[in-house]
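Engineer: As input, take final_38.tsv (TSV, C-alpha atoms):
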chain	number	residue	atom	x	y	z
A	29	MET	CA	80.44	236.07	166.66
A	30	ASP	CA	80.72	232.28	166.70
A	31	ARG	CA	83.65	230.93	164.73
A	32	GLN	CA	83.01	228.60	161.81
A	33	ILE	CA	85.93	226.28	161.15
A	34	ILE	CA	85.98	223.52	158.54
A	35	HIS	CA	88.41	220.62	158.89
A	36	THR	CA	89.03	218.41	155.84
A	37	ASP	CA	90.78	215.06	155.78
A	38	MET	CA	91.59	212.76	152.87
A	39	ASP	CA	90.33	209.32	153.94
A	40	CYS	CA	93.11	206.68	154.14
A	41	PHE	CA	95.04	208.98	151.83
A	42	PHE	CA	97.96	206.82	150.69
A	43	ALA	CA	95.76	203.75	150.28
A	44	ALA	CA	93.14	205.78	148.38
A	45	VAL	CA	95.78	207.00	145.91
A	46	GLU	CA	96.87	203.41	145.29
A	47	VAL	CA	93.26	202.37	144.58
A	48	LEU	CA	92.93	205.32	142.20
A	49	LYS	CA	96.04	204.16	140.34
A	50	ASP	CA	94.98	200.50	140.26
A	51	SER	CA	91.21	199.91	140.12
A	52	THR	CA	91.67	196.17	140.75
A	53	LEU	CA	92.43	197.06	144.39
A	54	LYS	CA	89.01	198.65	144.90
A	55	ASN	CA	86.97	197.17	147.78
A	56	LYS	CA	89.91	194.98	148.80
A	57	PRO	CA	91.91	195.09	152.04
A	58	ILE	CA	95.08	196.93	151.09
A	59	ALA	CA	97.91	198.53	153.01
A	60	VAL	CA	100.79	200.81	152.08
A	61	GLY	CA	103.97	199.83	153.84
A	62	GLY	CA	107.39	198.29	153.82
A	63	ASN	CA	108.87	194.83	153.56
A	64	ALA	CA	107.48	191.93	155.54
A	65	ASP	CA	110.62	191.54	157.67
A	66	ARG	CA	110.91	194.87	159.45
A	67	GLY	CA	108.50	197.25	157.75
A	68	VAL	CA	105.39	198.88	159.19
A	69	LEU	CA	102.11	199.92	157.57
A	70	THR	CA	101.74	203.63	156.90
A	71	SER	CA	98.18	203.61	155.55
A	72	VAL	CA	95.41	201.01	155.31
A	73	SER	CA	92.04	200.93	153.54
A	74	TYR	CA	88.74	200.77	155.42
A	75	GLU	CA	88.33	197.18	154.21
A	76	ALA	CA	91.60	196.36	156.00
A	77	LYS	CA	90.56	198.26	159.13
A	78	LYS	CA	87.42	196.14	159.38
A	79	LEU	CA	89.71	193.12	159.64
A	80	GLY	CA	91.68	194.63	162.53
A	81	ILE	CA	94.57	196.02	160.47
A	82	ASN	CA	95.79	199.49	161.46
A	83	SER	CA	98.47	201.93	160.34
A	84	GLY	CA	101.65	201.62	162.39
A	85	MET	CA	101.24	197.85	162.64
A	86	PRO	CA	104.28	195.74	161.69
A	87	THR	CA	103.81	194.30	158.22
A	88	ARG	CA	104.65	190.78	159.40
A	89	VAL	CA	101.90	190.91	162.06
A	90	ALA	CA	99.37	192.30	159.59
A	91	MET	CA	100.06	189.52	157.10
A	92	GLN	CA	99.62	186.89	159.81
A	93	MET	CA	96.28	188.41	160.82
A	94	CYS	CA	95.08	188.87	157.26
A	95	PRO	CA	96.79	186.65	154.64
A	96	GLN	CA	94.62	188.19	151.89
A	97	LEU	CA	95.96	191.69	152.65
A	98	HIS	CA	97.41	193.41	149.57
A	99	ILE	CA	100.68	195.16	150.46
A	100	VAL	CA	101.69	198.09	148.23
A	101	LYS	CA	105.16	199.58	148.55
A	102	GLY	CA	103.95	203.13	148.03
A	103	ASN	CA	105.34	206.21	146.31
A	104	MET	CA	105.77	209.44	148.28
A	105	ASP	CA	106.21	211.47	145.09
A	106	GLU	CA	102.73	210.45	143.97
A	107	TYR	CA	101.20	211.24	147.35
A	108	SER	CA	102.87	214.64	147.44
A	109	LYS	CA	101.57	215.43	143.94
A	110	TYR	CA	97.98	214.64	144.92
A	111	SER	CA	98.39	216.56	148.16
A	112	HIS	CA	99.47	219.69	146.26
A	113	THR	CA	96.53	219.29	143.86
A	114	VAL	CA	94.00	219.10	146.70
A	115	THR	CA	95.59	222.09	148.43
A	116	GLU	CA	95.34	224.23	145.29
A	117	ILE	CA	91.64	223.38	144.85
A	118	ILE	CA	90.90	224.34	148.45
A	119	ARG	CA	93.01	227.51	148.36
A	120	GLU	CA	91.36	228.69	145.16
A	121	LEU	CA	87.89	228.72	146.72
A	122	SER	CA	88.50	229.37	150.43
A	123	PRO	CA	89.20	232.67	152.23
A	124	VAL	CA	91.65	231.43	154.90
A	125	VAL	CA	93.32	228.01	154.64
A	126	GLU	CA	95.83	226.23	156.84
A	127	LYS	CA	97.52	223.08	155.58
A	128	ALA	CA	97.91	221.09	158.78
A	129	ALA	CA	99.30	217.88	157.26
A	130	ILE	CA	99.84	216.23	153.91
A	131	ASP	CA	96.15	215.20	153.88
A	132	GLU	CA	94.51	217.72	156.23
A	133	HIS	CA	93.35	221.34	155.96
A	134	TYR	CA	91.56	223.87	158.16
A	135	ILE	CA	89.38	226.58	156.63
A	136	ASP	CA	88.19	229.63	158.58
A	137	MET	CA	84.76	230.71	157.31
A	138	THR	CA	83.93	233.00	160.25
A	139	GLY	CA	81.73	235.89	159.09
A	140	MET	CA	81.17	234.40	155.64
A	141	ASP	CA	77.82	232.81	156.44
A	142	LYS	CA	75.99	236.04	155.58
A	143	TYR	CA	77.10	235.60	151.98
A	144	PHE	CA	76.39	231.88	151.62
A	145	GLY	CA	75.73	228.95	153.90
A	146	THR	CA	78.99	227.56	155.30
A	147	MET	CA	77.69	223.99	155.28
A	148	LYS	CA	76.61	224.38	151.66
A	149	PHE	CA	80.04	225.78	150.79
A	150	ALA	CA	81.84	222.89	152.53
A	151	HIS	CA	79.62	220.34	150.78
A	152	GLU	CA	80.28	221.84	147.35
A	153	LEU	CA	84.02	222.10	148.06
A	154	ARG	CA	84.12	218.44	149.06
A	155	GLN	CA	82.30	217.45	145.87
A	156	LYS	CA	84.76	219.48	143.77
A	157	VAL	CA	87.78	217.80	145.35
A	158	ILE	CA	86.23	214.36	144.82
A	159	SER	CA	85.25	215.03	141.20
A	160	GLU	CA	88.61	216.55	140.21
A	161	THR	CA	90.90	214.09	142.00
A	162	GLY	CA	88.82	210.93	142.33
A	163	LEU	CA	89.85	210.71	146.00
A	164	PRO	CA	87.49	210.46	148.99
A	165	LEU	CA	87.29	213.41	151.38
A	166	SER	CA	85.56	213.89	154.73
A	167	PHE	CA	84.96	217.17	156.53
A	168	GLY	CA	83.66	218.52	159.82
A	169	LEU	CA	82.25	221.99	160.48
A	170	SER	CA	82.25	223.40	164.00
A	171	VAL	CA	83.31	226.28	166.26
A	172	ASN	CA	87.06	225.60	166.47
A	173	LYS	CA	89.85	223.40	165.17
A	174	THR	CA	89.61	220.73	167.87
A	175	VAL	CA	85.89	220.11	167.57
A	176	SER	CA	85.83	220.29	163.77
A	177	LYS	CA	88.59	217.66	163.58
A	178	ILE	CA	86.65	215.37	165.91
A	179	VAL	CA	83.51	215.91	163.80
A	180	THR	CA	85.47	214.93	160.70
A	181	ASN	CA	86.73	211.73	162.31
A	182	GLU	CA	83.20	210.84	163.43
A	183	SER	CA	81.89	211.48	159.89
A	184	LYS	CA	84.27	209.05	158.17
A	185	PRO	CA	84.41	207.30	155.82
A	186	ASN	CA	83.84	209.79	153.02
A	187	GLY	CA	81.28	211.81	154.95
A	188	GLU	CA	80.46	215.26	156.26
A	189	GLY	CA	79.17	216.62	159.55
A	190	GLN	CA	78.27	219.80	161.41
A	191	ILE	CA	78.20	220.51	165.14
A	192	MET	CA	77.59	224.12	166.15
A	193	LEU	CA	77.96	225.75	169.56
A	194	PRO	CA	74.74	224.66	171.33
A	195	GLN	CA	75.42	220.99	170.52
A	196	VAL	CA	79.19	220.89	171.15
A	197	GLN	CA	79.26	219.52	174.69
A	198	GLU	CA	76.40	217.09	174.05
A	199	PHE	CA	78.38	215.80	171.05
A	200	LEU	CA	81.68	215.47	172.93
A	201	ASN	CA	80.53	213.99	176.26
A	202	PRO	CA	79.93	210.34	175.25
A	203	LEU	CA	83.10	210.07	173.17
A	204	SER	CA	86.27	208.32	174.30
A	205	ILE	CA	89.10	210.60	175.35
A	206	LYS	CA	91.05	208.92	172.54
A	207	LYS	CA	89.00	211.07	170.17
A	208	ILE	CA	90.66	214.26	171.44
A	209	PRO	CA	93.43	215.30	169.00
A	210	GLY	CA	96.87	215.02	170.55
A	211	ILE	CA	96.16	212.30	173.11
A	212	GLY	CA	98.86	209.67	172.80
A	213	HIS	CA	99.06	206.15	174.14
A	214	ASP	CA	100.88	207.10	177.36
A	215	THR	CA	98.44	209.91	178.17
A	216	TYR	CA	95.49	207.62	177.57
A	217	LEU	CA	96.92	204.99	179.90
A	218	LYS	CA	97.59	207.58	182.60
A	219	LEU	CA	94.04	208.91	182.42
A	220	SER	CA	92.58	205.41	182.28
A	221	GLU	CA	94.36	204.58	185.53
A	222	MET	CA	92.54	207.59	187.00
A	223	GLY	CA	89.24	206.15	185.77
A	224	VAL	CA	88.95	208.71	182.95
A	225	ARG	CA	87.96	207.12	179.67
A	226	LYS	CA	85.11	209.32	178.45
A	227	ILE	CA	85.21	213.05	177.76
A	228	TYR	CA	82.27	213.53	180.14
A	229	THR	CA	84.37	212.15	183.01
A	230	LEU	CA	87.35	214.29	182.00
A	231	ILE	CA	85.45	217.57	182.23
A	232	GLN	CA	84.18	216.71	185.74
A	233	ILE	CA	87.77	216.92	187.04
A	234	PRO	CA	88.67	220.43	188.27
A	235	ALA	CA	91.15	222.18	186.00
A	236	GLU	CA	93.46	222.75	188.97
A	237	MET	CA	93.70	219.01	189.57
A	238	MET	CA	94.48	218.36	185.91
A	239	PHE	CA	97.30	220.88	186.20
A	240	ARG	CA	98.71	219.18	189.30
A	241	VAL	CA	98.62	215.79	187.61
A	242	MET	CA	99.77	216.67	184.09
A	243	GLY	CA	100.97	220.26	184.12
A	244	GLN	CA	100.01	222.65	181.34
A	245	SER	CA	99.18	219.77	178.99
A	246	GLY	CA	96.50	218.74	181.51
A	247	ILE	CA	94.89	222.18	181.25
A	248	THR	CA	94.99	222.03	177.45
A	249	LEU	CA	93.40	218.59	177.51
A	250	TRP	CA	90.67	219.76	179.92
A	251	GLN	CA	89.95	222.74	177.67
A	252	LYS	CA	89.63	220.56	174.58
A	253	GLY	CA	87.29	218.25	176.45
A	254	ASN	CA	85.15	221.32	177.16
A	255	GLY	CA	85.19	222.29	173.50
A	256	ILE	CA	87.56	225.22	174.09
A	257	ASP	CA	90.23	225.92	171.49
A	258	ASN	CA	91.24	229.45	170.54
A	259	ALA	CA	94.03	228.42	168.15
A	260	PRO	CA	93.75	230.44	164.94
A	261	VAL	CA	93.69	229.06	161.42
A	262	VAL	CA	97.11	230.11	160.13
A	263	PRO	CA	96.91	231.07	156.44
A	264	TYR	CA	98.82	228.70	154.19
A	265	ARG	CA	100.54	231.59	152.42
A	266	GLU	CA	102.14	232.43	155.79
A	267	ASN	CA	103.34	228.88	156.24
A	268	LYS	CA	106.75	228.93	157.80
A	269	SER	CA	110.14	227.81	156.63
A	270	ILE	CA	113.37	226.79	158.28
A	271	SER	CA	116.70	227.95	156.91
A	272	ASP	CA	120.40	228.50	157.45
A	273	GLN	CA	123.05	230.38	155.53
A	274	ARG	CA	126.75	231.02	156.00
A	275	ASP	CA	128.69	234.12	154.92
A	276	PHE	CA	132.38	233.35	154.37
A	277	LEU	CA	134.71	235.88	155.95
A	278	THR	CA	137.30	234.67	153.44
A	279	GLU	CA	135.96	234.04	149.93
A	280	THR	CA	136.64	230.49	148.83
A	281	ILE	CA	136.60	228.18	145.85
A	282	ASP	CA	137.04	225.02	147.92
A	283	ILE	CA	133.87	223.31	146.70
A	284	GLU	CA	134.38	220.08	148.63
A	285	ARG	CA	134.63	222.03	151.86
A	286	ILE	CA	131.52	224.05	150.96
A	287	LYS	CA	129.58	220.87	150.22
A	288	ALA	CA	130.64	219.49	153.59
A	289	LEU	CA	129.37	222.68	155.21
A	290	LEU	CA	126.12	222.34	153.27
A	291	ALA	CA	125.77	218.77	154.58
A	292	THR	CA	126.24	220.01	158.15
A	293	MET	CA	123.53	222.64	157.73
A	294	ILE	CA	121.12	220.10	156.23
A	295	THR	CA	121.75	217.64	159.07
A	296	GLU	CA	120.99	220.30	161.67
A	297	LEU	CA	117.90	221.58	159.84
A	298	ALA	CA	116.54	218.07	159.28
A	299	TYR	CA	116.92	217.45	163.00
A	300	GLU	CA	114.91	220.63	163.68
A	301	LEU	CA	112.18	219.42	161.31
A	302	ARG	CA	111.85	216.10	163.12
A	303	LYS	CA	111.98	217.84	166.49
A	304	GLN	CA	109.05	220.04	165.44
A	305	GLN	CA	107.29	217.02	163.88
A	306	LYS	CA	107.25	218.67	160.48
A	307	LEU	CA	107.94	217.66	156.88
A	308	THR	CA	109.16	219.82	154.02
A	309	ALA	CA	108.00	219.75	150.41
A	310	CYS	CA	110.34	222.36	148.94
A	311	ILE	CA	114.10	222.84	149.12
A	312	THR	CA	116.03	225.96	148.08
A	313	VAL	CA	119.79	226.36	147.72
A	314	THR	CA	121.37	229.82	147.44
A	315	ILE	CA	124.95	230.79	146.60
A	316	ARG	CA	126.59	234.18	146.25
A	317	TYR	CA	129.70	234.78	144.17
A	318	ALA	CA	132.52	237.13	145.13
A	319	ASN	CA	131.05	239.77	142.75
A	320	PHE	CA	127.82	239.63	144.85
A	321	GLU	CA	125.85	237.87	142.12
A	322	THR	CA	123.31	235.65	143.88
A	323	VAL	CA	121.99	232.43	142.32
A	324	THR	CA	119.05	230.45	143.71
A	325	ARG	CA	117.83	227.01	142.71
A	326	GLN	CA	114.61	225.50	144.07
A	327	GLU	CA	112.77	222.20	143.71
A	328	LYS	CA	109.51	220.79	145.03
A	329	ILE	CA	110.05	217.38	146.57
A	330	ALA	CA	108.10	214.60	148.23
A	331	TYR	CA	107.29	215.42	151.87
A	332	THR	CA	110.21	214.35	154.02
A	333	SER	CA	112.53	215.13	156.92
A	334	LEU	CA	115.19	212.53	156.09
A	335	ASP	CA	118.79	213.74	155.99
A	336	PHE	CA	119.99	211.52	153.17
A	337	PHE	CA	117.11	212.44	150.83
A	338	LEU	CA	117.45	216.17	151.52
A	339	LEU	CA	121.22	216.00	151.11
A	340	GLN	CA	120.89	214.35	147.69
A	341	LYS	CA	118.50	217.06	146.50
A	342	ALA	CA	120.54	219.91	147.97
A	343	THR	CA	123.77	218.66	146.39
A	344	ALA	CA	122.09	218.40	142.98
A	345	LEU	CA	120.71	221.94	143.33
A	346	PHE	CA	124.11	223.28	144.41
A	347	ASN	CA	125.73	221.72	141.33
A	348	LYS	CA	123.14	223.45	139.14
A	349	ALA	CA	123.61	226.79	140.87
A	350	TYR	CA	127.43	226.76	140.84
A	351	ASP	CA	128.08	226.80	137.10
A	352	ARG	CA	131.23	228.92	136.93
A	353	ARG	CA	134.60	228.64	138.63
A	354	MET	CA	134.51	231.74	140.81
A	355	LEU	CA	135.07	232.44	144.48
A	356	LEU	CA	132.01	232.11	146.70
A	357	ARG	CA	131.11	234.29	149.66
A	358	LEU	CA	127.82	232.70	150.80
A	359	VAL	CA	125.90	229.44	150.76
A	360	GLY	CA	122.38	228.94	152.10
A	361	ILE	CA	119.69	226.28	152.42
A	362	ARG	CA	115.96	226.64	153.08
A	363	PHE	CA	113.19	224.09	153.63
A	364	SER	CA	109.69	225.46	153.02
A	365	HIS	CA	106.10	224.33	152.40
A	366	LEU	CA	106.20	222.78	155.87
A	367	VAL	CA	103.35	220.65	157.18
A	368	GLY	CA	102.90	218.67	160.35
A	369	GLY	CA	103.57	214.97	160.12
A	370	PHE	CA	105.89	212.06	160.73
A	371	GLU	CA	108.32	210.42	158.35
A	372	GLN	CA	107.00	207.51	156.32
A	373	ILE	CA	110.32	205.69	156.28
A	374	ASP	CA	109.24	202.72	154.14
A	375	LEU	CA	108.25	205.00	151.27
A	376	TYR	CA	111.81	206.16	150.62
A	377	ASN	CA	113.50	202.80	150.01
A	378	ALA	CA	115.48	203.41	153.18
A	379	VAL	CA	116.30	200.48	155.39
A	380	GLN	CA	114.94	200.42	158.93
A	381	GLU	CA	118.48	200.39	160.34
A	382	GLN	CA	119.15	203.74	158.68
A	383	TYR	CA	116.08	205.33	160.21
A	384	SER	CA	116.90	203.80	163.58
A	385	LEU	CA	120.29	205.50	163.30
A	386	TYR	CA	118.56	208.86	162.77
A	387	GLN	CA	116.42	208.27	165.84
A	388	SER	CA	119.48	207.40	167.93
A	389	MET	CA	121.31	210.50	166.68
A	390	ASP	CA	118.28	212.65	167.50
A	391	ASN	CA	118.16	211.23	171.03
A	392	ILE	CA	121.81	212.18	171.53
A	393	ARG	CA	121.13	215.70	170.23
A	394	ASN	CA	118.10	216.06	172.49
A	395	ARG	CA	120.28	215.24	175.46
A	396	PHE	CA	123.57	216.96	174.60
A	397	GLY	CA	122.65	219.60	172.01
A	398	LYS	CA	122.18	219.62	168.24
A	399	LYS	CA	125.94	219.81	167.57
A	400	ALA	CA	126.67	216.69	169.61
A	401	VAL	CA	126.47	214.56	166.44
A	402	VAL	CA	127.93	215.69	163.11
A	403	LEU	CA	128.61	214.09	159.76
A	404	ALA	CA	132.10	212.67	159.32
A	405	SER	CA	132.34	214.49	155.98
A	406	SER	CA	131.99	217.82	157.76
A	407	LEU	CA	135.14	217.05	159.77
A	408	LYS	CA	137.24	216.32	156.70
A	409	PRO	CA	140.38	218.46	156.86
A	410	ASN	CA	141.06	220.89	154.05
A	411	PRO	CA	143.75	219.24	151.91
A	412	LYS	CA	145.08	222.59	150.72
A	413	PRO	CA	147.49	224.69	152.77
A	414	ARG	CA	145.53	227.95	152.46
A	415	PRO	CA	143.43	229.03	155.48
A	416	GLN	CA	140.09	227.39	156.08
A	417	PRO	CA	137.13	229.49	154.90
A	418	GLU	CA	135.71	231.12	158.00
A	419	CYS	CA	132.01	231.81	158.04
A	420	LYS	CA	129.38	233.56	160.08
A	421	PRO	CA	126.36	231.33	160.76
A	422	GLN	CA	123.01	232.98	160.15
A	423	ASN	CA	120.55	230.30	161.16
A	424	LYS	CA	116.92	231.29	160.67
A	425	THR	CA	114.25	228.98	161.98
A	426	ASP	CA	110.53	229.46	161.37
A	427	VAL	CA	110.81	232.50	159.13
A	428	PRO	CA	107.55	233.44	157.39
A	429	GLU	CA	107.68	232.96	153.65
With the file now loaded, output its structure as C-alpha cells.

Structural biologist:
Amino acid sequence: MDRQIIHTDMDCFFAAVEVLKDSTLKNKPIAVGGNADRGVLTSVSYEAKKLGINSGMPTRVAMQMCPQLHIVKGNMDEYSKYSHTVTEIIRELSPVVEKAAIDEHYIDMTGMDKYFGTMKFAHELRQKVISETGLPLSFGLSVNKTVSKIVTNESKPNGEGQIMLPQVQEFLNPLSIKKIPGIGHDTYLKLSEMGVRKIYTLIQIPAEMMFRVMGQSGITLWQKGNGIDNAPVVPYRENKSISDQRDFLTETIDIERIKALLATMITELAYELRKQQKLTACITVTIRYANFETVTRQEKIAYTSLDFFLLQKATALFNKAYDRRMLLRLVGIRFSHLVGGFEQIDLYNAVQEQYSLYQSMDNIRNRFGKKAVVLASSLKPNPKPRPQPECKPQNKTDVPE
C-alpha cells in the first residue's frame, strides 16, 4: 500500500501573524527581527523576499538593500499561541499528526483514502485553518515526509500540491539539490564542487561513492534524491520530553541550595535541547516533601531553549509549588511539547552578546562534556554548617509523555 503523507507549513509564519495583528502591513515588505545594529531577521513576508530580503539576513544589511522595509520586533508568545491553535485544529480532524516545528505538521493518511479522498481532506483542512486563524497555509501530499515537504515548498505561497508515486522522480529530477530537506550551505558547496547541483545529477552517482565521499549522510541524501524516505509520522501525543530530577539522600530545607541545583539542571537540559535542535513549549517543576507529598506546577510558555528564560519560569513555578516550610526530599524539572527548531534570539529581548555566550558555552560542552561549564550560582558554598544535601541524579532524556 502506497503511503499518503501530508505536510503543512504556515507561510512566513511570524510575518503573517504580524500582518494579521496590523492590517496596515498587508502587501508591504515586512520582516520580523532584532535591532538594526546586531540583529538578524527571523521571518520575512513574500513582498520582502521579492526584493531580495531573506530570513537570517542581518537587519542592517536588509535595511540598506530595502529602505522601505518595515521591521517588526516580534512577540514569541503570540507566535506560540497561534501555533498551538493551528495544532489543535489539525489534531482534531486528523488520524496521525506529528508536529515537526512551530509552523509545520505531518499527517499520515495511509489507508484512509477508501473513506474519503486524501486530497479533498487536505484541501478542506487547509481551508478550515485559514478561516479560523486568518493565516495562510500551504500543503503538499505525497508518498513520504521528504517528498511531501518538497511539494509544499514548491506550492508556496498559500498553495497546495499533490505528487503521487508514479510522478515522484519526474517531479524531483529538475529541482536544485537545495530543495532537499536537510541540505545545508556546506553540503551544497561540497556537492557543487563535484558538479552536482540538480537532483537528477545526484541520483546518477552510485550510492557507494556517496558513502565514500560523505559517509552515512551521503547515503541518506542519495535516498532522498531518489524519493526514498521510510521515516514514520510520529504521533504528536507521543511527542517526547526531556527531564531531570534529584532525590536528596538527606532531606533539606536549604532553599537557596535547592534553587542553585535547579539552575544547574535547567542549564544542562537547555544545552541538550539546543544540541538536539529542539524547542520546548511547556515547563514542569516537581517537588516532594519529607512526608512524600508531591506537588507539581506546570506552565505553557513561548517556544524556547534559552537558559535565562527557562530559569525565570522554573524559579517562579518552584516558588508556587513550595508553599510551606517543610523539608524536601526531591526536586525535578521537565521540558515537554518539544518541536524541532532554532532559537529566535531577537524575540526574547536578549542581547546578541548573551546568545553568543550560550553558543561559546555549548562549544566548550561539545568538546569537553556537558559538565565542563556550570553556573557560578551552583558552586555557591552552603553558608550553614550542616552537611550539604546529597542527591541521586535521575536524568531522563527523551521520555515519552

Engineer: So, counting only C-alpha atoms, which residue among A:Asn181, A:Thr146, A:Thr332, A:Ser176 is closest to Gln305 in chain A?

Structural biologist: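 Of the candidates, the smallest distance to Gln305 in chain A is held by A:Thr332.
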
Engineer: Could you pull the residues within 12 Å of Gln32 in chain A, counting all atoms listed in the file, minus those fewer than 2 positions along the same chain, as an NGL selection string?

Structural biologist: :A and (29-30 or 34-35 or 124 or 134-142 or 145-147 or 149-150 or 168-176 or 190-193 or 260-261)

Engineer: If I take CA of Leu217 in chain A and CA of Ile205 in chain A, how far is one from the other in Å, to one decimal?

Structural biologist: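 CA of Ile205 in chain A lies 10.6 Å from CA of Leu217 in chain A.
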
Engineer: Within 8 Å of His365 in chain A, counting only C-alpha atoms, which residues show up once you throw out same-chain ones fewer than 2 positions away? Write them as an MDAnalysis selection string, please.

Structural biologist: chainID A and resid 267:269 308:310 363 367

Engineer: Using Å and a single decimal, report how far CA of Ile81 in chain A sits from CA of Met38 in chain A.

Structural biologist: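 That distance, rounded to one decimal, is 18.6 Å.
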
Engineer: One number please: CA of Leu356 in chain A to CA of Asp272 in chain A, in Å, one decimal.

Structural biologist: 16.2 Å
